[in-house]
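Here is structure_31.cif, consisting of mmCIF, C-alpha atoms:
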```cif
data_work
#
loop_
_atom_site.label_atom_id
_atom_site.label_comp_id
_atom_site.auth_asym_id
_atom_site.auth_seq_id
_atom_site.Cartn_x
_atom_site.Cartn_y
_atom_site.Cartn_z
CA MET A 1 42.81 98.06 165.98
CA ASN A 2 41.74 94.74 164.54
CA GLN A 3 43.61 91.97 166.31
CA THR A 4 46.00 89.90 164.21
CA PRO A 5 48.71 87.42 165.26
CA HIS A 6 51.07 90.42 165.30
CA ALA A 7 48.73 93.12 166.56
CA SER A 8 48.22 91.49 169.96
CA ARG A 9 51.89 92.17 170.76
CA ILE A 10 52.04 95.71 169.47
CA THR A 11 51.37 97.56 172.73
CA HIS A 12 54.17 95.72 174.51
CA HIS A 13 56.92 97.62 172.71
CA VAL A 14 55.53 101.15 172.52
CA SER A 15 57.53 102.81 175.28
CA ARG A 16 60.74 101.09 174.20
CA ILE A 17 60.94 102.17 170.56
CA THR A 18 58.48 104.76 169.39
CA HIS A 19 59.29 107.61 171.81
CA HIS A 20 60.88 110.20 169.54
CA ALA A 21 61.23 107.63 166.74
CA ARG A 22 62.18 109.32 163.48
CA ILE A 23 59.84 108.56 160.60
CA HIS A 24 60.06 109.81 157.02
CA ILE A 25 56.96 109.52 154.84
CA LEU A 26 57.08 109.13 151.07
CA TYR A 27 53.46 109.94 150.34
CA GLU A 28 51.64 109.18 147.11
CA TYR A 29 51.30 112.31 144.98
CA GLY A 30 50.23 113.39 141.53
CA GLY A 31 51.22 115.94 138.94
CA ASP A 32 50.56 118.89 141.28
CA LEU A 33 52.99 117.35 143.82
CA ARG A 34 50.31 117.44 146.53
CA PRO A 35 49.69 114.38 148.71
CA HIS A 36 46.70 112.28 147.67
CA GLY A 37 43.76 112.05 150.02
CA SER A 38 44.68 108.55 151.21
CA ALA A 39 48.10 109.84 152.29
CA PHE A 40 46.47 112.43 154.52
CA ILE A 41 44.03 109.88 155.96
CA ARG A 42 46.54 107.09 156.53
CA LEU A 43 49.77 108.91 157.34
CA LEU A 44 50.03 112.67 157.44
CA ARG A 45 47.09 113.41 159.75
CA PRO A 46 47.46 110.41 162.15
CA LEU A 47 51.23 110.58 162.60
CA THR A 48 51.19 114.30 163.42
CA HIS A 49 48.08 114.34 165.59
CA PRO A 50 48.35 116.04 169.01
CA ALA A 51 46.99 112.92 170.71
CA ILE A 52 50.35 111.20 170.25
CA GLY A 53 52.29 114.31 171.21
CA ASP A 54 56.03 113.96 170.75
CA THR A 55 55.94 110.19 170.26
CA LEU A 56 57.26 110.53 166.71
CA GLN A 57 59.50 112.92 164.82
CA VAL A 58 57.87 113.00 161.40
CA THR A 59 59.14 114.36 158.11
CA ALA A 60 57.48 113.91 154.74
CA GLY A 61 58.30 114.56 151.13
CA LEU A 62 58.59 113.36 147.56
CA ASP A 63 61.92 111.55 147.97
CA TYR A 64 64.29 110.01 150.47
CA ALA A 65 67.81 111.44 150.51
CA GLY A 66 69.41 109.03 152.96
CA GLN A 67 68.72 111.07 156.08
CA ALA A 68 69.07 109.36 159.43
CA VAL A 69 65.67 107.98 160.43
CA ASP A 70 64.33 104.87 162.10
CA GLY A 71 61.76 104.12 159.43
CA VAL A 72 60.84 105.16 155.91
CA ILE A 73 57.17 104.74 155.01
CA VAL A 74 56.28 104.27 151.33
CA ASP A 75 52.67 105.03 150.45
CA ARG A 76 50.82 103.02 147.80
CA PHE A 77 52.13 103.78 144.27
CA TRP A 78 54.20 106.64 145.75
CA ARG A 79 54.82 108.39 142.41
CA GLN A 80 53.43 108.11 138.92
CA ASP A 81 56.81 107.21 137.39
CA LEU A 82 57.40 104.37 139.85
CA THR A 83 59.37 101.50 138.30
CA PRO A 84 60.95 98.30 139.63
CA GLU A 85 64.35 99.96 139.31
CA LEU A 86 63.25 102.97 141.35
CA ALA A 87 61.71 100.74 144.02
CA THR A 88 64.90 98.65 144.25
CA ARG A 89 67.08 101.74 144.50
CA LEU A 90 64.91 103.12 147.31
CA ILE A 91 65.14 99.85 149.22
CA GLU A 92 68.93 99.89 148.88
CA ASP A 93 69.13 103.50 150.07
CA VAL A 94 66.98 102.75 153.13
CA ARG A 95 69.04 99.66 153.99
CA ARG A 96 72.29 101.58 153.54
CA ALA A 97 71.08 104.21 156.01
CA GLY A 98 70.23 101.53 158.57
CA ALA A 99 66.52 102.33 158.54
CA ARG A 100 63.44 100.12 158.26
CA LEU A 101 61.20 100.20 155.22
CA ILE A 102 57.45 100.18 155.91
CA TYR A 103 55.03 99.86 153.01
CA THR A 104 51.41 101.03 153.35
CA LEU A 105 48.34 99.93 151.41
CA ASP A 106 44.65 100.73 151.71
CA ASP A 107 43.65 98.89 148.51
CA ASP A 108 44.80 95.76 146.73
CA LEU A 109 46.61 97.71 144.02
CA LEU A 110 47.65 94.50 142.28
CA LYS A 111 43.98 93.87 141.43
CA LEU A 112 43.61 97.17 139.58
CA PRO A 113 43.35 96.78 135.80
CA LEU A 114 46.61 97.49 134.02
CA ARG A 115 46.91 100.69 132.00
CA ASP A 116 49.47 101.87 129.47
CA THR A 117 49.98 105.27 131.10
CA GLY A 118 49.04 107.11 134.27
CA TRP A 119 48.37 105.06 137.39
CA SER A 120 48.33 101.24 137.58
CA THR A 121 50.85 100.53 134.83
CA GLU A 122 52.64 97.20 134.54
CA LYS A 123 55.87 98.76 135.85
CA GLN A 124 54.04 100.14 138.86
CA HIS A 125 52.55 96.72 139.60
CA TRP A 126 55.98 95.09 139.51
CA ALA A 127 57.33 97.83 141.77
CA VAL A 128 54.50 97.27 144.26
CA GLN A 129 55.31 93.56 144.40
CA ILE A 130 58.97 94.38 145.09
CA LEU A 131 58.09 96.85 147.84
CA LEU A 132 55.62 94.42 149.40
CA SER A 133 58.03 91.50 149.42
CA GLN A 134 61.11 93.47 150.54
CA ALA A 135 59.54 95.72 153.16
CA ASP A 136 60.35 95.14 156.82
CA GLY A 137 56.64 95.46 157.47
CA VAL A 138 53.36 96.36 155.81
CA LEU A 139 50.58 98.53 157.20
CA VAL A 140 47.06 97.87 155.87
CA THR A 141 43.47 98.90 156.56
CA THR A 142 41.47 95.66 156.60
CA GLN A 143 41.73 91.97 157.42
CA PRO A 144 40.77 90.89 153.86
CA LEU A 145 43.63 93.02 152.51
CA ARG A 146 46.02 91.49 155.01
CA GLU A 147 45.01 87.99 153.92
CA ARG A 148 45.32 88.92 150.25
CA ILE A 149 48.95 90.09 150.46
CA ALA A 150 50.24 87.78 153.21
CA ARG A 151 51.81 85.51 150.58
CA LEU A 152 54.21 88.35 149.73
CA ASN A 153 55.01 89.46 153.27
CA PRO A 154 53.76 87.98 156.57
CA ARG A 155 54.79 90.99 158.69
CA ILE A 156 51.54 92.94 158.48
CA ALA A 157 49.77 95.21 160.96
CA ILE A 158 46.18 96.37 160.56
CA VAL A 159 45.08 99.87 161.53
CA ARG A 160 41.56 100.80 160.48
CA ASN A 161 40.86 104.12 158.85
CA THR A 162 39.80 106.92 161.14
CA LEU A 163 38.94 110.58 160.60
CA ASP A 164 40.66 113.64 162.01
CA GLU A 165 38.01 115.30 164.13
CA ARG A 166 39.69 118.69 163.55
CA LEU A 167 38.45 118.59 159.95
CA LEU A 168 34.83 117.75 160.77
CA VAL A 169 32.38 120.58 161.26
CA GLY A 170 29.04 119.04 160.22
CA GLY A 171 26.60 116.61 161.73
CA ASN A 172 23.55 118.85 162.13
CA HIS A 173 20.80 119.26 159.56
CA PRO A 174 18.13 121.92 159.18
CA ALA A 175 14.68 120.56 159.81
CA VAL A 176 12.75 119.26 156.83
CA ALA A 177 9.79 121.43 157.78
CA SER A 178 9.96 125.06 158.95
CA PRO A 179 7.66 128.10 159.09
CA PHE A 180 8.81 128.80 155.53
CA GLY A 181 7.63 125.43 154.22
CA ARG A 182 9.26 122.10 153.52
CA ARG A 183 12.71 121.89 151.93
CA ARG A 184 13.71 119.24 149.41
CA LYS A 185 15.43 116.24 150.90
CA VAL A 186 18.86 115.42 149.49
CA ILE A 187 20.30 112.04 148.53
CA GLY A 188 24.05 112.36 148.10
CA TYR A 189 26.89 110.30 146.65
CA MET A 190 30.57 111.20 146.99
CA GLY A 191 33.63 109.42 145.68
CA THR A 192 36.54 109.45 143.28
CA LEU A 193 35.97 109.41 139.53
CA THR A 194 36.14 105.62 139.41
CA HIS A 195 32.65 104.69 140.58
CA ASP A 196 30.61 104.82 137.38
CA ASP A 197 29.91 101.11 137.48
CA ASP A 198 28.85 101.25 141.12
CA LEU A 199 26.46 104.10 140.38
CA ARG A 200 25.08 102.40 137.28
CA MET A 201 24.39 99.27 139.35
CA ILE A 202 21.74 101.13 141.36
CA LEU A 203 20.45 103.51 138.68
CA PRO A 204 17.11 101.68 138.30
CA ALA A 205 16.44 102.17 142.03
CA LEU A 206 17.52 105.80 141.94
CA ARG A 207 15.35 106.54 138.92
CA GLN A 208 12.35 104.91 140.57
CA VAL A 209 12.64 106.88 143.81
CA LEU A 210 13.62 110.19 142.21
CA GLN A 211 10.76 110.03 139.71
CA ARG A 212 8.25 109.20 142.43
CA HIS A 213 9.46 112.08 144.62
CA SER A 214 10.67 114.47 141.93
CA GLN A 215 9.28 117.54 143.71
CA GLU A 216 10.56 116.52 147.13
CA VAL A 217 13.99 114.95 146.60
CA VAL A 218 17.16 115.90 144.75
CA LEU A 219 20.29 113.80 144.08
CA GLN A 220 23.64 115.51 144.62
CA ILE A 221 26.84 113.98 143.24
CA VAL A 222 30.40 114.88 144.21
CA GLY A 223 32.93 113.29 141.86
CA VAL A 224 31.96 109.65 141.19
CA ALA A 225 30.87 109.76 137.55
CA ALA A 226 33.57 110.18 134.89
CA ARG A 227 31.84 108.75 131.83
CA ALA A 228 29.41 110.78 129.75
CA GLU A 229 27.04 107.83 129.39
CA THR A 230 26.68 107.64 133.19
CA LEU A 231 25.63 111.27 133.41
CA ALA A 232 23.37 110.82 130.39
CA ALA A 233 21.56 108.03 132.23
CA LEU A 234 20.56 110.62 134.85
CA ASP A 235 18.97 112.97 132.31
CA GLY A 236 15.51 114.14 133.27
CA LEU A 237 16.03 113.47 136.98
CA PRO A 238 16.50 116.07 139.74
CA VAL A 239 20.30 115.80 139.85
CA GLU A 240 22.93 118.34 140.86
CA ILE A 241 26.67 117.97 140.25
CA VAL A 242 28.39 119.65 143.20
CA CYS A 243 32.08 120.60 143.24
CA PRO A 244 34.37 122.29 145.76
CA ARG A 245 36.41 125.25 144.64
CA PRO A 246 39.84 124.35 143.17
CA GLU A 247 41.63 125.40 146.35
CA GLU A 248 39.38 123.04 148.36
CA ILE A 249 40.33 119.88 146.47
CA THR A 250 43.25 118.97 148.77
CA TYR A 251 41.95 116.57 151.44
CA PRO A 252 41.99 118.73 154.62
CA LEU A 253 40.14 121.60 152.94
CA PHE A 254 37.88 119.17 151.09
CA MET A 255 36.73 117.58 154.35
CA LEU A 256 36.04 120.99 155.86
CA TRP A 257 33.98 121.85 152.77
CA PHE A 258 32.25 118.47 152.63
CA THR A 259 31.14 118.43 156.26
CA SER A 260 30.22 122.11 156.52
CA ARG A 261 28.65 123.01 153.18
CA LEU A 262 26.70 119.91 152.16
CA ARG A 263 23.44 118.95 153.85
CA TRP A 264 22.58 115.41 152.84
CA ASP A 265 19.68 113.59 154.43
CA VAL A 266 20.55 110.25 152.83
CA ALA A 267 23.99 109.26 151.54
CA ILE A 268 24.65 106.24 149.37
CA ALA A 269 27.64 103.95 148.96
CA PRO A 270 26.96 101.29 146.31
CA LEU A 271 29.92 98.96 145.84
CA ARG A 272 30.07 96.02 143.48
CA ASP A 273 31.37 92.78 144.95
CA THR A 274 34.62 92.45 142.96
CA PRO A 275 38.02 91.06 143.99
CA PHE A 276 39.38 94.61 144.23
CA ASN A 277 36.44 95.93 146.27
CA GLN A 278 36.55 93.00 148.69
CA CYS A 279 39.61 94.56 150.36
CA LYS A 280 38.23 98.09 150.62
CA SER A 281 37.64 99.84 153.92
CA ASP A 282 34.56 101.52 155.37
CA ILE A 283 35.88 105.06 154.88
CA LYS A 284 32.68 106.21 153.16
CA PHE A 285 30.68 105.17 156.20
CA LEU A 286 32.91 107.42 158.31
CA ASP A 287 32.61 110.34 155.88
CA TYR A 288 28.84 110.08 155.70
CA SER A 289 28.53 109.70 159.46
CA ALA A 290 30.60 112.86 159.94
CA MET A 291 28.18 114.95 157.88
CA GLY A 292 25.15 113.61 159.77
CA ALA A 293 23.58 111.64 156.94
CA ALA A 294 21.74 108.34 157.12
CA GLY A 295 23.68 105.99 154.85
CA VAL A 296 22.70 103.17 152.53
CA TYR A 297 25.61 100.79 151.93
CA SER A 298 26.10 97.72 149.79
CA ARG A 299 26.09 94.55 151.86
CA VAL A 300 29.73 93.74 151.09
CA PRO A 301 32.77 93.10 153.35
CA ALA A 302 33.78 96.78 153.45
CA TYR A 303 30.60 97.69 155.34
CA GLU A 304 29.25 94.49 156.84
CA SER A 305 31.80 94.44 159.66
CA THR A 306 30.99 98.00 160.78
CA VAL A 307 27.52 99.15 159.76
CA GLN A 308 24.79 97.82 162.03
CA HIS A 309 21.77 97.25 159.79
CA LEU A 310 18.85 99.52 160.74
CA GLU A 311 20.88 100.92 163.64
CA SER A 312 23.80 102.90 162.20
CA GLY A 313 22.95 102.48 158.52
CA TRP A 314 21.06 100.40 155.97
CA LEU A 315 22.80 97.46 154.31
CA ALA A 316 21.30 96.78 150.89
CA GLU A 317 21.84 93.82 148.62
CA ASN A 318 23.41 94.65 145.27
CA GLU A 319 20.17 94.50 143.30
CA PRO A 320 17.71 97.26 142.38
CA ASP A 321 14.74 96.15 144.50
CA SER A 322 16.80 96.15 147.69
CA TRP A 323 18.18 99.61 146.98
CA ALA A 324 14.75 100.95 146.04
CA GLU A 325 13.34 99.69 149.34
CA ALA A 326 16.14 101.34 151.33
CA LEU A 327 15.91 104.67 149.53
CA GLU A 328 12.13 104.81 149.71
CA ALA A 329 12.18 104.07 153.45
CA LEU A 330 14.79 106.67 154.31
CA VAL A 331 13.26 109.36 152.12
CA THR A 332 9.81 108.93 153.65
CA GLN A 333 10.54 107.93 157.27
CA ASP A 334 12.00 110.94 159.06
CA GLU A 335 12.37 109.25 162.46
CA LEU A 336 14.21 106.25 161.03
CA ARG A 337 16.51 108.50 159.04
CA ALA A 338 17.34 110.61 162.10
CA CYS A 339 17.93 107.51 164.22
CA LEU A 340 20.42 105.98 161.78
CA ALA A 341 22.26 109.27 161.34
CA GLY A 342 22.48 109.92 165.07
CA ASN A 343 23.76 106.44 165.88
CA ALA A 344 26.36 106.63 163.11
CA LEU A 345 27.61 110.00 164.35
CA ARG A 346 27.93 108.70 167.91
CA TYR A 347 29.83 105.65 166.68
CA LEU A 348 32.22 107.83 164.69
CA TYR A 349 33.12 110.13 167.57
CA GLY A 350 33.18 107.31 170.08
CA GLU A 351 35.41 104.91 168.18
CA ARG A 352 36.79 106.18 164.87
CA VAL A 353 38.34 109.64 165.26
CA LEU A 354 42.01 110.33 165.76
CA ALA A 355 41.50 111.86 169.20
CA ARG A 356 40.68 108.30 170.31
CA CYS A 357 42.70 106.23 167.85
CA ALA A 358 45.88 108.08 166.86
CA HIS A 359 47.96 105.96 169.23
CA ARG A 360 47.36 102.91 167.05
CA TRP A 361 49.66 104.19 164.31
CA PRO A 362 52.86 104.48 166.42
CA GLU A 363 51.98 101.18 168.08
CA ALA A 364 51.77 99.47 164.70
CA LEU A 365 54.92 101.14 163.40
CA ASP A 366 56.77 100.12 166.53
CA ALA A 367 55.91 96.46 165.93
CA LEU A 368 56.95 96.66 162.29
CA ILE A 369 60.32 98.32 162.82
CA GLN A 370 61.42 95.67 165.30
CA PRO A 371 64.04 93.19 164.07
CA LYS A 372 62.21 90.46 162.19
CA GLY A 373 62.62 87.87 164.91
CA ASP A 374 60.91 90.07 167.49
CA LEU A 375 57.50 90.43 165.88
#
```
In C-alpha cells, how does this file's structure come out?
Amino acid sequence: MNQTPHASRITHHVSRITHHARIHILYEYGGDLRPHGSAFIRLLRPLTHPAIGDTLQVTAGLDYAGQAVDGVIVDRFWRQDLTPELATRLIEDVRRAGARLIYTLDDDLLKLPLRDTGWSTEKQHWAVQILLSQADGVLVTTQPLRERIARLNPRIAIVRNTLDERLLVGGNHPAVASPFGRRRKVIGYMGTLTHDDDLRMILPALRQVLQRHSQEVVLQIVGVAARAETLAALDGLPVEIVCPRPEEITYPLFMLWFTSRLRWDVAIAPLRDTPFNQCKSDIKFLDYSAMGAAGVYSRVPAYESTVQHLESGWLAENEPDSWAEALEALVTQDELRACLAGNALRYLYGERVLARCAHRWPEALDALIQPKGDL
C-alpha cells in the first residue's frame, strides 16, 4: 500500500481490532440492483477473499437497517437517488448504532460534470461532500485523490486497486504464425461508455496504423464508445465491436469472459489529462496485463507511477505522432510485444493480485475505525 502519514501506522493495530470485525458494505448499484464493477473491485472481492480468512465478518446490501457492526462502508454514489437528506440520515443511523462510517472513493466524483438526472446530479454531489466531511475515515485508490479530498477529511488511507486472481484465466496467446498461416493481430480497447473523447484523441494514430496494416491488424472495442459520431469516425477501418452476453456483464463473470475469450496482442488506454482523470488509478494496466497483452498507455499520473516504459508497457504522449509510433512498433515487433506483455503479467501476479494484497484492506479499515485521536 502506498505510504501516507496514516498508512505507516496501519499494521500496528491489525491484531487488536480487525479480528472478526463486523463490516457492512453499502455498495454502489444501478437500476438492476446489482453492485457496480468498482464495488466488486474495491470492496466485495477483497473483503471476502480467502487470504484474509476470518479476519472480517462481512455483510453487504442496498441499505443499512441499524444492525450491530463495527463499521459501515459507503461506496461512491451508493444509489442513484442519493440526496443530502439521505446521506445525513444514514450518518445519524450509523452513529446511533455506535458504528464507524467509512466512505470509499476511486474517482474524484466532485469533478464529474453535473447532470439533471441519472448519475452525478447536484444533489448527489452535495451528498458526497457530506459523506466525505462526516465520515470517520475515507478509503481511496491513489495519492492524487487523497490530496484532492484532504481538505474535506484528513483521515484517509490509500489502498491501490488489485485484481482477484480467481477471476483471471488468460495470459497466453496463440502464436501469430502457425502451420495454417498467419493470424491477424488484434489491438483492443476496453472501458465504460464514457471514453469517447479519449478514443477520439488518438483516432488519427489508429487510422494511420490500421490503414497501413489493414490486412494484418484488427481493432476490437469493448464498451468505450457511446456516441454515434465516434463510431462513424471508425468507418472503413477493420473494427469489431465485441460484447459479452447479458449474463456476463456483472463484474466477476465479465472478468472471466474478458480474460478467457479475448486474445489481444496490443491493448490501448488513452486518457486525457483532465482534473478528473488526474486522480484515476491504473486499473486498466492491471486488466490488460491479466489478459497477456502489451499495453500502450497515456503518459499521465494514472500510469506513470506503475508502468515501466519499454519494460512493462509503452507510455505515449497525448498526441497522435507518439501514439502512432507506439502502435506501429508493437504491431510490427513481435519480440518487443512479447517482452512487455510478459513483464506486465509477472508484475501483476507478483504485486497486484488479492492473494498477495488482500490483507491491506482490513489493515486500512482497522486504522480508520480507530477513535479519531488514535490515527
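Closest approach to Ser120 of chain A among A:Ala324, A:Leu82, A:Leu145, A:Val58 is made by A:Leu82 (distances from all atoms listed in the file).
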Inset, instruction - Report the residues retrieved by the PyMOL selection byres ((chain A and resi 278) around 9) from the displayed file, expressed as a count of residues only. - result: 15
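Residue nearest Gly170 of chain A, chosen from A:Gly137, A:Gly31, A:Pro320, A:Gly292 and counting only C-alpha atoms: A:Gly292.
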Inset, instruction - Rank A:Val217, A:Ala358, A:Val242, A:Val222 by their smallest atom-to-atom distance to Met190 of chain A, using all atoms listed in the file, and report the top residue only. - result: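 Answer, going by the shortest atom-to-atom distance: A:Val222.
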Legend entry - Nearest-residue call for Arg166 of chain A, choices A:Tyr349, A:Ala329, A:Gln211, A:Ile73, using only C-alpha atoms: A:Tyr349
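Residue nearest Leu47 of chain A, chosen from A:Leu348, A:Ile149, A:Ala68, A:Ile25 and counting only C-alpha atoms: A:Ile25.
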Inset, instruction - Could you state which residues are captured by the PyMOL selection byres ((chain A and resi 88-104) around 7) in this file, as a list in words? - result: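 So the PyMOL selection byres ((chain A and resi 88-104) around 7) ends up selecting Gly66, Ala68, Val69, Asp70, Gly71, Val72, Ile73, Val74, Asp75, Arg76, Pro84, Glu85, Leu86, Ala87, Leu105, Asp106, Leu131, Leu132, Ala135, Asp136, Gly137, Val138, Leu139, Val140 and Ile369 of chain A.
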Residues as selected, C-alpha atoms, written as a PDB file, in the coordinates of the input, can you do that?
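The result, stored in again.pdb:
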```pdb
ATOM      1  CA  GLY A  66      69.410 109.030 152.960  1.00  0.00           C
ATOM      2  CA  ALA A  68      69.070 109.360 159.430  1.00  0.00           C
ATOM      3  CA  VAL A  69      65.670 107.980 160.430  1.00  0.00           C
ATOM      4  CA  ASP A  70      64.330 104.870 162.100  1.00  0.00           C
ATOM      5  CA  GLY A  71      61.760 104.120 159.430  1.00  0.00           C
ATOM      6  CA  VAL A  72      60.840 105.160 155.910  1.00  0.00           C
ATOM      7  CA  ILE A  73      57.170 104.740 155.010  1.00  0.00           C
ATOM      8  CA  VAL A  74      56.280 104.270 151.330  1.00  0.00           C
ATOM      9  CA  ASP A  75      52.670 105.030 150.450  1.00  0.00           C
ATOM     10  CA  ARG A  76      50.820 103.020 147.800  1.00  0.00           C
ATOM     11  CA  PRO A  84      60.950  98.300 139.630  1.00  0.00           C
ATOM     12  CA  GLU A  85      64.350  99.960 139.310  1.00  0.00           C
ATOM     13  CA  LEU A  86      63.250 102.970 141.350  1.00  0.00           C
ATOM     14  CA  ALA A  87      61.710 100.740 144.020  1.00  0.00           C
ATOM     15  CA  LEU A 105      48.340  99.930 151.410  1.00  0.00           C
ATOM     16  CA  ASP A 106      44.650 100.730 151.710  1.00  0.00           C
ATOM     17  CA  LEU A 131      58.090  96.850 147.840  1.00  0.00           C
ATOM     18  CA  LEU A 132      55.620  94.420 149.400  1.00  0.00           C
ATOM     19  CA  ALA A 135      59.540  95.720 153.160  1.00  0.00           C
ATOM     20  CA  ASP A 136      60.350  95.140 156.820  1.00  0.00           C
ATOM     21  CA  GLY A 137      56.640  95.460 157.470  1.00  0.00           C
ATOM     22  CA  VAL A 138      53.360  96.360 155.810  1.00  0.00           C
ATOM     23  CA  LEU A 139      50.580  98.530 157.200  1.00  0.00           C
ATOM     24  CA  VAL A 140      47.060  97.870 155.870  1.00  0.00           C
ATOM     25  CA  ILE A 369      60.320  98.320 162.820  1.00  0.00           C
TER      26      ILE A 369
END
```
Inset, instruction - For each of A:Ile187, A:Ala294, A:Ile23, A:Ile202, take the minimum atom-to-atom distance to Ile221 of chain A, counting only C-alpha atoms, then give the residue where this is smallest. - result: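 Smallest separation from Ile221 of chain A among the options: A:Ile187.
Between atom CA of Phe40 of chain A and atom CA of Pro252 of chain A lies a distance of 7.7 Å.
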Inset, instruction - Could you please determine the separation between atom CA of Trp361 of chain A and atom CA of Ser289 of chain A in Å, to one decimal place? - result: 22.4 Å
Legend entry - All residues 8 Å or closer to Lys185 of chain A, only C-alpha atoms, same chain fewer than 6 positions away omitted, as a PyMOL selection string: chain A and resi 176+216-218+264-265+331
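For the pair atom CA of Ser322 of chain A and atom CA of Thr142 of chain A, the interatomic distance is 26.2 Å.
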Output as a short mmCIF file (atom, residue, chain, number, x, y, z; two decimals), in the frame of the given file: segment 128-148 of chain A, completed with N, CA and C atoms.
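File rebuild13.cif, as written:
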```
data_model
loop_
_atom_site.label_atom_id
_atom_site.label_comp_id
_atom_site.auth_asym_id
_atom_site.auth_seq_id
_atom_site.Cartn_x
_atom_site.Cartn_y
_atom_site.Cartn_z
N VAL A 128 55.28 97.55 143.05
CA VAL A 128 54.50 97.27 144.26
C VAL A 128 54.84 95.89 144.80
N GLN A 129 54.95 94.90 143.95
CA GLN A 129 55.31 93.56 144.40
C GLN A 129 56.69 93.55 145.05
N ILE A 130 57.63 94.31 144.50
CA ILE A 130 58.97 94.38 145.09
C ILE A 130 58.90 95.04 146.46
N LEU A 131 58.19 96.16 146.56
CA LEU A 131 58.09 96.85 147.84
C LEU A 131 57.38 95.99 148.88
N LEU A 132 56.32 95.29 148.48
CA LEU A 132 55.62 94.42 149.40
C LEU A 132 56.51 93.30 149.93
N SER A 133 57.23 92.66 149.03
CA SER A 133 58.03 91.50 149.42
C SER A 133 59.29 91.87 150.19
N GLN A 134 59.84 93.07 149.92
CA GLN A 134 61.11 93.47 150.54
C GLN A 134 60.93 94.34 151.77
N ALA A 135 59.75 94.84 152.02
CA ALA A 135 59.54 95.72 153.16
C ALA A 135 59.76 94.98 154.48
N ASP A 136 60.22 95.71 155.48
CA ASP A 136 60.35 95.14 156.82
C ASP A 136 58.99 94.93 157.47
N GLY A 137 57.99 95.62 156.98
CA GLY A 137 56.64 95.46 157.47
C GLY A 137 55.66 96.18 156.57
N VAL A 138 54.40 95.78 156.65
CA VAL A 138 53.36 96.36 155.81
C VAL A 138 52.20 96.80 156.71
N LEU A 139 51.70 97.99 156.45
CA LEU A 139 50.58 98.53 157.20
C LEU A 139 49.37 98.59 156.30
N VAL A 140 48.26 97.95 156.70
CA VAL A 140 47.06 97.87 155.87
C VAL A 140 45.84 98.30 156.66
N THR A 141 44.70 98.38 155.96
CA THR A 141 43.47 98.90 156.56
C THR A 141 42.48 97.83 156.98
N THR A 142 42.52 96.65 156.35
CA THR A 142 41.47 95.66 156.60
C THR A 142 42.06 94.25 156.68
N GLN A 143 41.32 93.37 157.34
CA GLN A 143 41.73 91.97 157.42
C GLN A 143 41.73 91.29 156.05
N PRO A 144 40.71 91.49 155.20
CA PRO A 144 40.77 90.89 153.86
C PRO A 144 42.01 91.32 153.07
N LEU A 145 42.43 92.58 153.20
CA LEU A 145 43.63 93.02 152.51
C LEU A 145 44.86 92.35 153.09
N ARG A 146 44.89 92.20 154.38
CA ARG A 146 46.02 91.49 155.01
C ARG A 146 46.12 90.06 154.48
N GLU A 147 44.99 89.38 154.40
CA GLU A 147 45.01 87.99 153.92
C GLU A 147 45.41 87.92 152.46
N ARG A 148 45.03 88.92 151.68
CA ARG A 148 45.32 88.92 150.25
C ARG A 148 46.81 89.03 149.98
#
```
